[in-house]
Amino acid sequence: MNSEAKRWFYPAQVFAQFTSSGEKPAKFTDKQESSRENMTNTAKDKSIASDIIQIFETGEMTIAPDYAQVTVVCTNVKDTVEDVKTSVNKRVEYILQTLRSHNIGKNCYIVDRSLMKKESKYELRVEISVQFTDFTKCQEVSNFLVEKLDVSVEISRPCFHYMPGRLESLRRQSCVLAVQNARVKALEIANSLNQSLGQARHIHEQSTEEYTGREHEGRNTERTETFQELMKSATVTVVTKVFVAFELKVKTKKRTK
């Protein structure tokens, strides 16, 4: 594992500007210039007569994989087709029976068969790809098959995956969370200044970074990773940075009757 983990968080940046109609606005830094120009164009609307508070914020969302895939491979070589089929099919049937006993339906696995002739002998290779949404059951079945079957059967390490659309949904949620965080921060600042927070006048998604646990923490290749380490390394995190400009209004006193 890397001695120094990469930093993904940065100090929050807040820029608040209070001007009257006769004053010139303060200068922006180069990094803020693009966002300032977009916000300024919006602020030219004559209906906007309030001051503006500008917030830079981040939103981070993390999800674990949806399912694990394990591949079981049975192979054997015999002099005749009948002999090799009998030998391999016996093991395949035992594997399928094990899946059924663990309530794994036919829609959760795929069986592929490949028969090849090598000189005067026949080789039969059968691959069974199994999807597990229950990770505990995945470990139980894998360990059971390793214990009960001989070396002619190979059982892969689990490979983790996400359902279609899950990562795209995560990116949207990260952006929404960043905007929500920006509003919370703006509201706290407005309250500290005895002001009220108005509507958002400009929202700009500055960047989105996406990485897995393996990329973030590094990977130790000197030993075999545990099941939990494999799952953690496949976990995806999305960090979105946004720039949001809100109206800032003077609080009006309630009239007493």
# chains A, B, ... in the order shown; residues from 1 in each chain; ligands from 1
call {"tool": "select_by_dssp", "arguments": {"residues": "region 19-230 of chain A", "states": "alpha helix (DSSP H)", "output": "VMD selection string"}}
result
chain A and resid 30 to 43 81 to 101 135 to 148 166 to 192 213 to 217 227 to 230
call {"tool": "write_last_selection", "arguments": {"atoms": "C-alpha atoms", "output": "PDB file, in the first residue's frame"}}
result
ATOM      1  CA  ASP A  30      -7.915  33.406 -12.637  1.00  0.00           C
ATOM      2  CA  LYS A  31      -9.592  30.174 -11.505  1.00  0.00           C
ATOM      3  CA  GLN A  32     -12.806  32.045 -10.686  1.00  0.00           C
ATOM      4  CA  GLU A  33     -12.862  34.164 -13.836  1.00  0.00           C
ATOM      5  CA  SER A  34     -14.826  31.746 -16.009  1.00  0.00           C
ATOM      6  CA  SER A  35     -17.475  31.177 -13.339  1.00  0.00           C
ATOM      7  CA  ARG A  36     -17.621  34.913 -12.642  1.00  0.00           C
ATOM      8  CA  GLU A  37     -18.331  35.769 -16.274  1.00  0.00           C
ATOM      9  CA  ASN A  38     -21.186  33.271 -16.480  1.00  0.00           C
ATOM     10  CA  MET A  39     -22.650  34.480 -13.195  1.00  0.00           C
ATOM     11  CA  THR A  40     -22.296  38.122 -14.223  1.00  0.00           C
ATOM     12  CA  ASN A  41     -24.296  37.552 -17.383  1.00  0.00           C
ATOM     13  CA  THR A  42     -27.087  36.096 -15.297  1.00  0.00           C
ATOM     14  CA  ALA A  43     -26.887  38.885 -12.765  1.00  0.00           C
ATOM     15  CA  VAL A  81     -15.773 -38.797 -26.307  1.00  0.00           C
ATOM     16  CA  GLU A  82     -18.004 -40.902 -24.065  1.00  0.00           C
ATOM     17  CA  ASP A  83     -15.314 -41.282 -21.402  1.00  0.00           C
ATOM     18  CA  VAL A  84     -14.453 -37.593 -21.248  1.00  0.00           C
ATOM     19  CA  LYS A  85     -18.134 -36.595 -21.122  1.00  0.00           C
ATOM     20  CA  THR A  86     -18.830 -39.051 -18.326  1.00  0.00           C
ATOM     21  CA  SER A  87     -15.864 -37.791 -16.294  1.00  0.00           C
ATOM     22  CA  VAL A  88     -16.563 -34.068 -16.686  1.00  0.00           C
ATOM     23  CA  ASN A  89     -20.357 -34.248 -16.493  1.00  0.00           C
ATOM     24  CA  LYS A  90     -20.154 -36.010 -13.154  1.00  0.00           C
ATOM     25  CA  ARG A  91     -18.341 -33.016 -11.670  1.00  0.00           C
ATOM     26  CA  VAL A  92     -20.562 -30.502 -13.474  1.00  0.00           C
ATOM     27  CA  GLU A  93     -23.699 -32.129 -12.073  1.00  0.00           C
ATOM     28  CA  TYR A  94     -22.205 -31.989  -8.569  1.00  0.00           C
ATOM     29  CA  ILE A  95     -21.510 -28.268  -9.002  1.00  0.00           C
ATOM     30  CA  LEU A  96     -25.020 -27.548 -10.292  1.00  0.00           C
ATOM     31  CA  GLN A  97     -26.518 -29.533  -7.424  1.00  0.00           C
ATOM     32  CA  THR A  98     -24.486 -27.443  -4.992  1.00  0.00           C
ATOM     33  CA  LEU A  99     -25.852 -24.254  -6.569  1.00  0.00           C
ATOM     34  CA  ARG A 100     -29.435 -25.539  -6.330  1.00  0.00           C
ATOM     35  CA  SER A 101     -28.964 -26.510  -2.678  1.00  0.00           C
ATOM     36  CA  PHE A 135     -21.614 -12.012  -1.000  1.00  0.00           C
ATOM     37  CA  THR A 136     -21.730 -14.260   2.061  1.00  0.00           C
ATOM     38  CA  LYS A 137     -23.271 -17.037  -0.045  1.00  0.00           C
ATOM     39  CA  CYS A 138     -20.592 -16.424  -2.675  1.00  0.00           C
ATOM     40  CA  GLN A 139     -17.875 -17.180  -0.124  1.00  0.00           C
ATOM     41  CA  GLU A 140     -19.716 -20.226   1.227  1.00  0.00           C
ATOM     42  CA  VAL A 141     -20.233 -21.828  -2.196  1.00  0.00           C
ATOM     43  CA  SER A 142     -16.690 -21.090  -3.391  1.00  0.00           C
ATOM     44  CA  ASN A 143     -15.116 -22.518  -0.244  1.00  0.00           C
ATOM     45  CA  PHE A 144     -17.342 -25.601  -0.351  1.00  0.00           C
ATOM     46  CA  LEU A 145     -16.423 -26.418  -3.958  1.00  0.00           C
ATOM     47  CA  VAL A 146     -12.711 -25.916  -3.309  1.00  0.00           C
ATOM     48  CA  GLU A 147     -12.941 -28.335  -0.398  1.00  0.00           C
ATOM     49  CA  LYS A 148     -14.972 -31.055  -2.173  1.00  0.00           C
ATOM     50  CA  ARG A 166     -25.737   2.405 -11.299  1.00  0.00           C
ATOM     51  CA  LEU A 167     -22.553   4.419 -11.877  1.00  0.00           C
ATOM     52  CA  GLU A 168     -24.373   7.062 -13.920  1.00  0.00           C
ATOM     53  CA  SER A 169     -26.883   7.419 -11.078  1.00  0.00           C
ATOM     54  CA  LEU A 170     -23.992   7.785  -8.634  1.00  0.00           C
ATOM     55  CA  ARG A 171     -22.515  10.650 -10.674  1.00  0.00           C
ATOM     56  CA  ARG A 172     -25.846  12.500 -10.644  1.00  0.00           C
ATOM     57  CA  GLN A 173     -26.265  11.983  -6.899  1.00  0.00           C
ATOM     58  CA  SER A 174     -22.754  13.308  -6.278  1.00  0.00           C
ATOM     59  CA  CYS A 175     -23.543  16.509  -8.197  1.00  0.00           C
ATOM     60  CA  VAL A 176     -26.864  17.003  -6.378  1.00  0.00           C
ATOM     61  CA  LEU A 177     -25.146  16.466  -3.029  1.00  0.00           C
ATOM     62  CA  ALA A 178     -22.499  19.066  -3.877  1.00  0.00           C
ATOM     63  CA  VAL A 179     -25.221  21.646  -4.634  1.00  0.00           C
ATOM     64  CA  GLN A 180     -27.016  20.778  -1.394  1.00  0.00           C
ATOM     65  CA  ASN A 181     -23.760  21.189   0.542  1.00  0.00           C
ATOM     66  CA  ALA A 182     -23.235  24.558  -1.126  1.00  0.00           C
ATOM     67  CA  ARG A 183     -26.686  25.735  -0.038  1.00  0.00           C
ATOM     68  CA  VAL A 184     -26.103  24.598   3.560  1.00  0.00           C
ATOM     69  CA  LYS A 185     -22.831  26.513   3.688  1.00  0.00           C
ATOM     70  CA  ALA A 186     -24.369  29.604   2.089  1.00  0.00           C
ATOM     71  CA  LEU A 187     -27.259  29.507   4.566  1.00  0.00           C
ATOM     72  CA  GLU A 188     -24.874  29.363   7.539  1.00  0.00           C
ATOM     73  CA  ILE A 189     -22.911  32.313   6.191  1.00  0.00           C
ATOM     74  CA  ALA A 190     -26.095  34.294   5.551  1.00  0.00           C
ATOM     75  CA  ASN A 191     -27.322  33.652   9.097  1.00  0.00           C
ATOM     76  CA  SER A 192     -23.986  34.738  10.554  1.00  0.00           C
ATOM     77  CA  GLY A 213     -10.652   1.770  -3.761  1.00  0.00           C
ATOM     78  CA  ARG A 214      -7.689   0.168  -5.519  1.00  0.00           C
ATOM     79  CA  GLU A 215      -6.714   3.440  -7.233  1.00  0.00           C
ATOM     80  CA  HIS A 216      -7.174   5.463  -4.049  1.00  0.00           C
ATOM     81  CA  GLU A 217      -5.282   3.247  -1.581  1.00  0.00           C
ATOM     82  CA  PHE A 227     -12.521 -11.408  -0.259  1.00  0.00           C
ATOM     83  CA  GLN A 228     -13.221  -8.183   1.645  1.00  0.00           C
ATOM     84  CA  GLU A 229     -10.139  -6.518   0.150  1.00  0.00           C
ATOM     85  CA  LEU A 230     -11.231  -7.476  -3.360  1.00  0.00           C
TER      86      LEU A 230
END
call {"tool": "select_by_dssp", "arguments": {"residues": "region 131-253 of chain A", "states": "strand (DSSP E)", "output": "VMD selection string"}}
result
chain A and resid 131 to 132 153 to 155 159 to 161 195 to 212 236 to 250
call {"tool": "residues_around", "arguments": {"residues": "Asp112 (chain A)", "least_positions_apart": "3", "cutoff": "10 Å", "atoms": "only C-alpha atoms", "output": "number ranges by chain"}}
result
A: 73, 125-129
call {"tool": "residues_around", "arguments": {"residues": "Tyr67 (chain A)", "least_positions_apart": "4", "cutoff": "6 Å", "atoms": "only C-alpha atoms", "output": "list in words"}}
result
Phe132, Thr133, Phe160 and His161 of chain A
call {"tool": "write_last_selection", "arguments": {"atoms": "all heavy atoms", "output": "PDB file, in the first residue's frame"}}
result
ATOM      1  N   PHE A 132     -23.461 -13.781  -7.971  1.00  0.00           N
ATOM      2  CA  PHE A 132     -23.944 -13.762  -6.589  1.00  0.00           C
ATOM      3  C   PHE A 132     -24.242 -12.327  -6.176  1.00  0.00           C
ATOM      4  O   PHE A 132     -23.363 -11.461  -6.239  1.00  0.00           O
ATOM      5  CB  PHE A 132     -22.889 -14.328  -5.629  1.00  0.00           C
ATOM      6  CG  PHE A 132     -22.542 -15.777  -5.831  1.00  0.00           C
ATOM      7  CD1 PHE A 132     -21.523 -16.142  -6.704  1.00  0.00           C
ATOM      8  CD2 PHE A 132     -23.234 -16.771  -5.156  1.00  0.00           C
ATOM      9  CE1 PHE A 132     -21.195 -17.477  -6.887  1.00  0.00           C
ATOM     10  CE2 PHE A 132     -22.909 -18.106  -5.333  1.00  0.00           C
ATOM     11  CZ  PHE A 132     -21.892 -18.465  -6.202  1.00  0.00           C
ATOM     12  N   THR A 133     -25.468 -12.064  -5.753  1.00  0.00           N
ATOM     13  CA  THR A 133     -25.780 -10.777  -5.134  1.00  0.00           C
ATOM     14  C   THR A 133     -25.608 -10.857  -3.622  1.00  0.00           C
ATOM     15  O   THR A 133     -25.506  -9.827  -2.956  1.00  0.00           O
ATOM     16  CB  THR A 133     -27.217 -10.347  -5.469  1.00  0.00           C
ATOM     17  OG1 THR A 133     -28.126 -11.388  -5.088  1.00  0.00           O
ATOM     18  CG2 THR A 133     -27.365 -10.073  -6.963  1.00  0.00           C
ATOM     19  N   PHE A 160     -15.989  -8.394  -9.175  1.00  0.00           N
ATOM     20  CA  PHE A 160     -17.151  -7.600  -8.769  1.00  0.00           C
ATOM     21  C   PHE A 160     -17.593  -6.656  -9.890  1.00  0.00           C
ATOM     22  O   PHE A 160     -16.762  -6.085 -10.613  1.00  0.00           O
ATOM     23  CB  PHE A 160     -16.829  -6.813  -7.500  1.00  0.00           C
ATOM     24  CG  PHE A 160     -16.595  -7.697  -6.301  1.00  0.00           C
ATOM     25  CD1 PHE A 160     -15.312  -8.104  -5.962  1.00  0.00           C
ATOM     26  CD2 PHE A 160     -17.659  -8.139  -5.532  1.00  0.00           C
ATOM     27  CE1 PHE A 160     -15.091  -8.933  -4.873  1.00  0.00           C
ATOM     28  CE2 PHE A 160     -17.451  -8.966  -4.447  1.00  0.00           C
ATOM     29  CZ  PHE A 160     -16.164  -9.367  -4.118  1.00  0.00           C
ATOM     30  N   HIS A 161     -18.922  -6.469  -9.976  1.00  0.00           N
ATOM     31  CA  HIS A 161     -19.503  -5.667 -11.046  1.00  0.00           C
ATOM     32  C   HIS A 161     -20.660  -4.824 -10.508  1.00  0.00           C
ATOM     33  O   HIS A 161     -21.135  -5.035  -9.386  1.00  0.00           O
ATOM     34  CB  HIS A 161     -20.014  -6.560 -12.176  1.00  0.00           C
ATOM     35  CG  HIS A 161     -18.974  -7.443 -12.777  1.00  0.00           C
ATOM     36  ND1 HIS A 161     -18.098  -7.032 -13.755  1.00  0.00           N
ATOM     37  CD2 HIS A 161     -18.655  -8.751 -12.515  1.00  0.00           C
ATOM     38  CE1 HIS A 161     -17.303  -8.018 -14.082  1.00  0.00           C
ATOM     39  NE2 HIS A 161     -17.615  -9.075 -13.345  1.00  0.00           N
TER      40      HIS A 161
END
call {"tool": "closest_residue", "arguments": {"among": "A:Ile55, A:Thr75, A:Val70, A:Val238", "to": "Val151 (chain A)", "atoms": "only C-alpha atoms"}}
result
A:Thr75
call {"tool": "closest_residue", "arguments": {"among": "A:Phe243, A:Val130, A:Thr212, A:Lys121", "to": "Cys108 (chain A)", "atoms": "only C-alpha atoms"}}
result
A:Val130
call {"tool": "closest_residue", "arguments": {"among": "A:Ser152, A:Thr226, A:Gln195, A:Thr80", "to": "Ile52 (chain A)", "atoms": "only C-alpha atoms"}}
result
A:Gln195
call {"tool": "closest_residue", "arguments": {"among": "A:Asn107, A:Asn76, A:Thr240, A:Thr62", "to": "Thr208 (chain A)", "atoms": "only C-alpha atoms"}}
result
A:Thr240
call {"tool": "closest_residue", "arguments": {"among": "A:Met61, A:Cys74, A:Ala245, A:Ala200", "to": "Ile155 (chain A)", "atoms": "only C-alpha atoms"}}
result
A:Cys74
call {"tool": "atom_distance", "arguments": {"atom1": "CA of Gly59 (chain A)", "atom2": "CA of Gly165 (chain A)"}}
result
19.4 Å
call {"tool": "closest_residue", "arguments": {"among": "A:Gln69, A:Glu247, A:Val242, A:Thr252", "to": "Phe56 (chain A)", "atoms": "only C-alpha atoms"}}
result
A:Val242
call {"tool": "atom_distance", "arguments": {"atom1": "CA of Gly198 (chain A)", "atom2": "CA of Val239 (chain A)"}}
result
26.3 Å
